[in-house]
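Novice: Can you read through this structure? Questions will come right after.
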Amino acid sequence: MATHVDHSRTATRSWLGVSAITASLFVFLTTELMPVGLLTPMSSNLGISVGVAGLMVTLYGVSAGLGVPFIVAWTRRVNRRVLLSALLVILTLGNLITAVSPNYPLVLTTRLVMGFASGVFWAIGVSMAMRLVAERHAGRAAAIVMSGISVAAVVGIPLGTALESLTSWRTTFLIWAGLSALVLLAVVAAIPSLPSRNAVPVREVFTLPLRNAPLRLVLFTVVLFVLGHFGAYTFVRPYLEDSTSATPFFITAVLMVYGAGGAAGNFIAGHTVGRSLRGSFIVGCAGLTVSLLLLLTIGHGQAGAVVSLVLWGISFGVVQLSQVNMTQAAAPDTFEAAMSLNTMAYNTSIALGALFGGLLADHLGVTGVVWFGVALTAASLLLTLATRGRTSPAVPGGAPAAQE
């Protein structure tokens with residue numbers, strides 16, 4: 001009986017740790033995207049144009065992507081509980097400095113530093129959650145953590161915008177500093193010591209794709225679907241405004257529905273990736289392509305737009321969790337280093353997707369951007385189908401990676 005009680009307490013603390021990591025993802029992501037909903041008041045208060053204010057998001061994403069492989073390698077011997085706590089300290093101080101900053105250069109510099117911290121979190125967060133629980137529950141733990149993305153989209157960003165309308169953008173960041181501090185306390189209380197694993201020095205990180213063909217293929221597929229997805233998603237509002245004469249209220253509602261679909265997709269993938277990892281990615285990627293085609297064909301009415309965005313959200317949730325598990329299956333012995341490359345590829349592709357989408361929108365219209373999304377997500381799907389014969393290394397524990 002005593003053994004059972006001890007095991008139950010250990011399991012409960014493990015899942016509390018997973019919840020703390022999920023909350024960490026929530027505050028990191030909402031901090032990254034918060035300026036999107038606050039650009040107008042921030043630019044007005046700081047005396048800059050809206051376009052210049054947009055650099056707060058761009059530079060945050062660039063530093064999150066380009067810096068992460070180096071920082072993860074340099075901190076490869078740091079206990080992961082200590083490292084996550086330090087990242088949350090940076091996030092808390094960054095939000096606090098942003099809230100009281102007297103000028104834009106200080107805001108931009110602060111955001112740049114926070115971006116580095118965010119990128120490191122993306123590289124270590126999921127693997128930390130998977131280590132906290134029994135191996136058979138690792139996929140579920142990853143799904144729970146990734147659901148923080150959808151929670152941020154459905155709750156966090158609209159909440160930040162609402163708080164600004166009731167108070168000010170400075171108060172909003174001040175509140176987020178307090179929330180980040182609470183998450184820090186939760187991490188300290190709920191997560192046990194997690195000594196670093198899979199230590200890989202900087203000089204070896206960038207050679208991983210050269211020596212590991214499955215990882216190389218995963219990174220290619222990630223680049224393709226992220227380019228397509230975010231290229232189209234960045235311009236979904238002007239597309240809906242042009243095609244359906246959508247009101248701001250409808251756009252807010254449909255994007256929240258999209259976020260809810262993403263949460264559902266994460267939940268579904270949490271049950272399917274263990275049975276067929278490759279199959280889950282294929283179905284999700286096909287869903288991305290189909291949803292964009294539906295947006296082009298039936299998205300001219302509000303009902304069609306809702307259907308398209310729901311399928312888009314569900315499919316993205318499935319693909320998002322699948323690609324994390326694919327990275328682990330491809331590089332189980334160097335997962336953190338592989339995830340740092342994944343994060344770099346992911347964030348760089350977000351920036352490039354938005355850049356290419358903007359060029360297409362200016363020259364071909366926003367419909368051309370959606371076709372760009374169709375082409376790139378379909379290319380990611382075809383690459384996966386064409387490499388069916390490739391097998392991934394075994395996942396930790398000796399079980400073969402579920403690829404078929």
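Within each chain, counting starts at residue 1; across the structure tokens, chains are named A, B, ... in the order shown, with ligands numbered 1 upward in that order.
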Excluding Leu87 of chain A and its own-chain neighbours fewer than 4 positions away, which residues fall within 8 Å of it when counting only C-alpha atoms? Please give them as a PyMOL selection string.

Specialist: chain A and resi 83+91+117-118+120-121

Novice: Within 9 Å of segment 124-136 of chain A, which residues of segment 16-115 of chain A come that close, and what is the closest atom pair and distance in Å for each? Count only C-alpha atoms and give it as JSON lines.

Specialist:
```
{"residue": "A:Gly17", "atom": "CA", "partner": "A:Leu132", "partner_atom": "CA", "distance": 7.2}
{"residue": "A:Val18", "atom": "CA", "partner": "A:Ala129", "partner_atom": "CA", "distance": 5.2}
{"residue": "A:Ser19", "atom": "CA", "partner": "A:Ala129", "partner_atom": "CA", "distance": 8.7}
{"residue": "A:Ile21", "atom": "CA", "partner": "A:Gly125", "partner_atom": "CA", "distance": 6.5}
{"residue": "A:Thr22", "atom": "CA", "partner": "A:Gly125", "partner_atom": "CA", "distance": 8.5}
{"residue": "A:Ser24", "atom": "CA", "partner": "A:Gly125", "partner_atom": "CA", "distance": 8.4}
{"residue": "A:Leu25", "atom": "CA", "partner": "A:Gly125", "partner_atom": "CA", "distance": 7.8}
{"residue": "A:Val72", "atom": "CA", "partner": "A:Ile124", "partner_atom": "CA", "distance": 8.1}
{"residue": "A:Arg80", "atom": "CA", "partner": "A:Met128", "partner_atom": "CA", "distance": 7.4}
{"residue": "A:Arg81", "atom": "CA", "partner": "A:Met128", "partner_atom": "CA", "distance": 8.5}
{"residue": "A:Leu84", "atom": "CA", "partner": "A:Gly125", "partner_atom": "CA", "distance": 8.0}
```

Novice: With N, CA, C and O atoms retained, could you export that selection as a short mmCIF file (atom, residue, chain, number, x, y, z; two decimals), in the first residue's frame?

Specialist:
```
data_model
loop_
_atom_site.label_atom_id
_atom_site.label_comp_id
_atom_site.auth_asym_id
_atom_site.auth_seq_id
_atom_site.Cartn_x
_atom_site.Cartn_y
_atom_site.Cartn_z
N GLY A 17 4.24 18.76 -13.13
CA GLY A 17 5.38 19.31 -13.84
C GLY A 17 5.08 19.55 -15.31
O GLY A 17 5.45 20.57 -15.89
N VAL A 18 4.37 18.59 -15.93
CA VAL A 18 3.96 18.75 -17.32
C VAL A 18 3.05 19.98 -17.46
O VAL A 18 3.17 20.77 -18.42
N SER A 19 2.15 20.16 -16.49
CA SER A 19 1.26 21.33 -16.51
C SER A 19 2.05 22.62 -16.39
O SER A 19 1.73 23.62 -17.06
N ILE A 21 5.12 23.12 -17.41
CA ILE A 21 5.79 23.35 -18.69
C ILE A 21 4.79 23.86 -19.73
O ILE A 21 5.11 24.74 -20.54
N THR A 22 3.56 23.34 -19.69
CA THR A 22 2.51 23.83 -20.59
C THR A 22 2.22 25.30 -20.32
O THR A 22 2.08 26.11 -21.25
N SER A 24 4.32 27.36 -19.11
CA SER A 24 5.50 28.08 -19.60
C SER A 24 5.36 28.38 -21.08
O SER A 24 5.64 29.49 -21.55
N LEU A 25 4.94 27.38 -21.86
CA LEU A 25 4.74 27.58 -23.29
C LEU A 25 3.71 28.69 -23.52
O LEU A 25 3.88 29.55 -24.39
N VAL A 72 21.60 26.27 -26.74
CA VAL A 72 21.33 24.93 -26.22
C VAL A 72 22.63 24.15 -26.08
O VAL A 72 22.84 23.44 -25.09
N ARG A 80 18.25 21.01 -16.49
CA ARG A 80 17.16 21.59 -17.28
C ARG A 80 16.13 22.32 -16.43
O ARG A 80 15.49 23.27 -16.87
N ARG A 81 15.94 21.89 -15.19
CA ARG A 81 15.05 22.62 -14.27
C ARG A 81 15.62 24.01 -13.99
O ARG A 81 14.89 25.01 -13.99
N LEU A 84 15.31 26.15 -17.31
CA LEU A 84 13.95 26.66 -17.55
C LEU A 84 13.62 27.78 -16.56
O LEU A 84 12.99 28.77 -16.95
#
```

Novice: If we count only C-alpha atoms and set the cut-off at 9 Å, which residues sit around Arg170 of chain A, ignoring sequence neighbours fewer than 3 positions away in its own chain? Please answer as a ChimeraX atom specification.

Specialist: /A:42,96,98-101,164,167,173-175

Novice: Please save N, CA and C atoms of the selected residues as an mmCIF file, in the first residue's frame.

Specialist:
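Just written: selection.cif:
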```cif
data_model
loop_
_atom_site.group_PDB
_atom_site.id
_atom_site.type_symbol
_atom_site.label_atom_id
_atom_site.label_comp_id
_atom_site.auth_asym_id
_atom_site.auth_seq_id
_atom_site.Cartn_x
_atom_site.Cartn_y
_atom_site.Cartn_z
ATOM 1 N N MET A 42 0.783 50.838 -29.014
ATOM 2 C CA MET A 42 2.213 50.880 -28.702
ATOM 3 C C MET A 42 2.946 51.835 -29.638
ATOM 4 N N LEU A 96 8.485 43.029 -17.635
ATOM 5 C CA LEU A 96 8.492 44.165 -16.713
ATOM 6 C C LEU A 96 9.193 45.370 -17.327
ATOM 7 N N THR A 98 9.617 45.963 -20.519
ATOM 8 C CA THR A 98 8.765 46.452 -21.609
ATOM 9 C C THR A 98 7.664 47.355 -21.073
ATOM 10 N N ALA A 99 7.079 46.973 -19.952
ATOM 11 C CA ALA A 99 5.963 47.735 -19.381
ATOM 12 C C ALA A 99 6.380 49.143 -18.956
ATOM 13 N N VAL A 100 7.621 49.312 -18.497
ATOM 14 C CA VAL A 100 8.051 50.620 -17.974
ATOM 15 C C VAL A 100 9.034 51.326 -18.903
ATOM 16 N N SER A 101 9.313 50.726 -20.067
ATOM 17 C CA SER A 101 10.332 51.274 -20.966
ATOM 18 C C SER A 101 9.958 52.671 -21.450
ATOM 19 N N GLU A 164 -5.741 45.473 -22.686
ATOM 20 C CA GLU A 164 -5.260 46.764 -23.171
ATOM 21 C C GLU A 164 -6.418 47.740 -23.361
ATOM 22 N N THR A 167 -7.312 48.881 -19.848
ATOM 23 C CA THR A 167 -6.277 49.583 -19.087
ATOM 24 C C THR A 167 -5.338 50.310 -20.047
ATOM 25 N N PHE A 173 1.432 44.363 -20.246
ATOM 26 C CA PHE A 173 2.737 43.705 -20.095
ATOM 27 C C PHE A 173 3.106 43.533 -18.622
ATOM 28 N N LEU A 174 2.665 44.460 -17.784
ATOM 29 C CA LEU A 174 2.916 44.333 -16.353
ATOM 30 C C LEU A 174 2.190 43.115 -15.788
ATOM 31 N N ILE A 175 0.955 42.918 -16.218
ATOM 32 C CA ILE A 175 0.191 41.744 -15.800
ATOM 33 C C ILE A 175 0.871 40.470 -16.291
#
```

Novice: One decimal, Å: what's the distance from atom CA of Trp122 of chain A over to atom CA of Thr252 of chain A, could you say?

Specialist: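 Pair atom CA of Trp122 of chain A / atom CA of Thr252 of chain A returns 26.6 Å.
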
Novice: So that I can see what lies close to Ala337 of chain A, please list as a compact mmCIF listing (two decimals) with N, CA and C atoms, in the first residue's frame the residues with an atom at most 7 Å from it, counting only C-alpha atoms and leaving out residues fewer than 4 positions away in the same chain.

Specialist:
```txt
# COMPACT_ATOMS: atom_id res chain seq x y z
N PRO A 69 20.36 26.98 -31.51
CA PRO A 69 21.32 25.86 -31.53
C PRO A 69 22.58 26.15 -30.73
N VAL A 200 25.56 17.77 -26.65
CA VAL A 200 26.19 17.87 -27.98
C VAL A 200 26.84 19.24 -28.09
N VAL A 205 26.44 20.07 -33.55
CA VAL A 205 25.00 20.27 -33.76
C VAL A 205 24.67 20.37 -35.24
N LEU A 341 17.75 22.54 -33.83
CA LEU A 341 17.75 22.72 -35.28
C LEU A 341 16.33 22.85 -35.81
```

Novice: Nearest to Ala181 of chain A: which of A:Leu108, A:Leu382, A:Leu309, A:Ala86 is it, counting only C-alpha atoms?

Specialist: A:Ala86

Novice: When DSSP works through the backbone of this structure, what residues of segment 44-260 of chain A end up as alpha helix (DSSP H), shown as JSON, numbers by chain?

Specialist: {"A": [44, 45, 46, 50, 51, 52, 53, 55, 56, 57, 58, 59, 60, 61, 62, 63, 64, 65, 66, 68, 69, 70, 71, 72, 73, 74, 80, 81, 82, 83, 84, 85, 86, 87, 88, 89, 90, 91, 92, 93, 94, 95, 96, 97, 98, 99, 100, 104, 105, 106, 107, 108, 109, 110, 111, 112, 113, 114, 115, 116, 117, 118, 119, 120, 121, 122, 123, 124, 125, 126, 127, 128, 129, 130, 131, 132, 138, 139, 140, 141, 142, 143, 144, 145, 146, 147, 148, 149, 150, 151, 157, 158, 159, 160, 161, 162, 163, 164, 165, 166, 169, 170, 171, 172, 173, 174, 175, 176, 177, 178, 179, 180, 181, 182, 183, 184, 185, 186, 187, 188, 189, 190, 202, 203, 204, 205, 208, 209, 210, 211, 213, 214, 215, 216, 217, 218, 219, 220, 221, 222, 223, 224, 225, 226, 227, 228, 229, 230, 231, 232, 233, 236, 237, 238, 239, 240, 241, 242, 243, 244, 248, 249, 250, 251, 252, 253, 254, 255, 256, 257, 258, 259, 260]}

Novice: Can you list, as a ChimeraX atom specification, every protein, DNA or RNA residue that comes within 10 Å of segment 263-280 of chain A when you count only C-alpha atoms, leaving out same-chain residues fewer than 3 positions away?

Specialist: /A:136-151,153-154,257-260,283-286,310-323,325-326,329,384-385,388,401-404

Novice: Calculate how many Å separate atom CA of Leu163 of chain A from atom CA of Gly231 of chain A, rounding to one decimal.

Specialist: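 These atoms are spaced 28.7 Å apart.
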
Novice: Find the residue from A:Ala232, A:Val78, A:Leu240, A:Leu208 that sits nearest to Ile298 of chain A; use only C-alpha atoms when measuring.

Specialist: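 Closest residue, counting only C-alpha atoms: A:Leu240.
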
Novice: Calculate how many Å separate atom CA of Leu55 of chain A from atom CA of Gly353 of chain A, rounding to one decimal.

Specialist: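 The value is 15.7 Å.
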
Novice: Pro238 of chain A: which residues within 10 Å, counting only C-alpha atoms, same-chain residues fewer than 6 positions away excluded, as a list of chain:residue names?

Specialist: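 That gives A:Thr244, A:Ser245, A:Ala246, A:Ile251, A:Ala361, A:Gly365, A:Val366, A:Thr367.
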
Novice: For the selection just defined, write its residues with C-alpha atoms to a file, as a PDB file, in the first residue's frame.

Specialist:
```
ATOM      1  CA  THR A 244     -16.418  37.350 -47.331  1.00  0.00           C
ATOM      2  CA  SER A 245     -16.476  41.031 -46.340  1.00  0.00           C
ATOM      3  CA  ALA A 246     -15.788  39.719 -42.852  1.00  0.00           C
ATOM      4  CA  ILE A 251     -12.529  37.312 -37.882  1.00  0.00           C
ATOM      5  CA  ALA A 361       0.081  39.568 -51.773  1.00  0.00           C
ATOM      6  CA  GLY A 365      -3.245  39.498 -54.314  1.00  0.00           C
ATOM      7  CA  VAL A 366      -4.029  37.568 -51.152  1.00  0.00           C
ATOM      8  CA  THR A 367      -5.533  34.678 -53.151  1.00  0.00           C
TER       9      THR A 367
END
```

Novice: Name all residues at most 6 Å from Ser380 of chain A (count only C-alpha atoms; drop same-chain ones fewer than 4 positions away) and give them as number ranges by chain.

Specialist: A: 221, 224-225

Novice: Could those selected residues go to a file with N, CA and C atoms, as a CSV table (one decimal), in the first residue's frame?

Specialist:
```csv
chain,number,residue,atom,x,y,z
A,221,THR,N,10.8,18.5,-44.4
A,221,THR,CA,9.3,18.6,-44.4
A,221,THR,C,8.8,19.7,-43.5
A,224,LEU,N,9.0,23.0,-45.4
A,224,LEU,CA,8.0,23.2,-46.4
A,224,LEU,C,6.6,23.5,-45.8
A,225,PHE,N,6.2,22.7,-44.8
A,225,PHE,CA,4.8,22.9,-44.3
A,225,PHE,C,4.7,24.2,-43.5
```

Novice: Which of these residues is nearest to Gly119 of chain A, using only C-alpha atoms: A:Val324, A:Leu29, A:Val369, A:Val68?

Specialist: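 With only C-alpha atoms as the atom set, the closest residue is A:Val68.
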
Novice: Check the smallest atom-to-atom distance from each of A:Tyr346, A:Phe28, A:Phe372, A:Phe70 to Pro201 of chain A using only C-alpha atoms, then report the winner.

Specialist: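 Closest to Pro201 of chain A of all the choices is A:Phe70.
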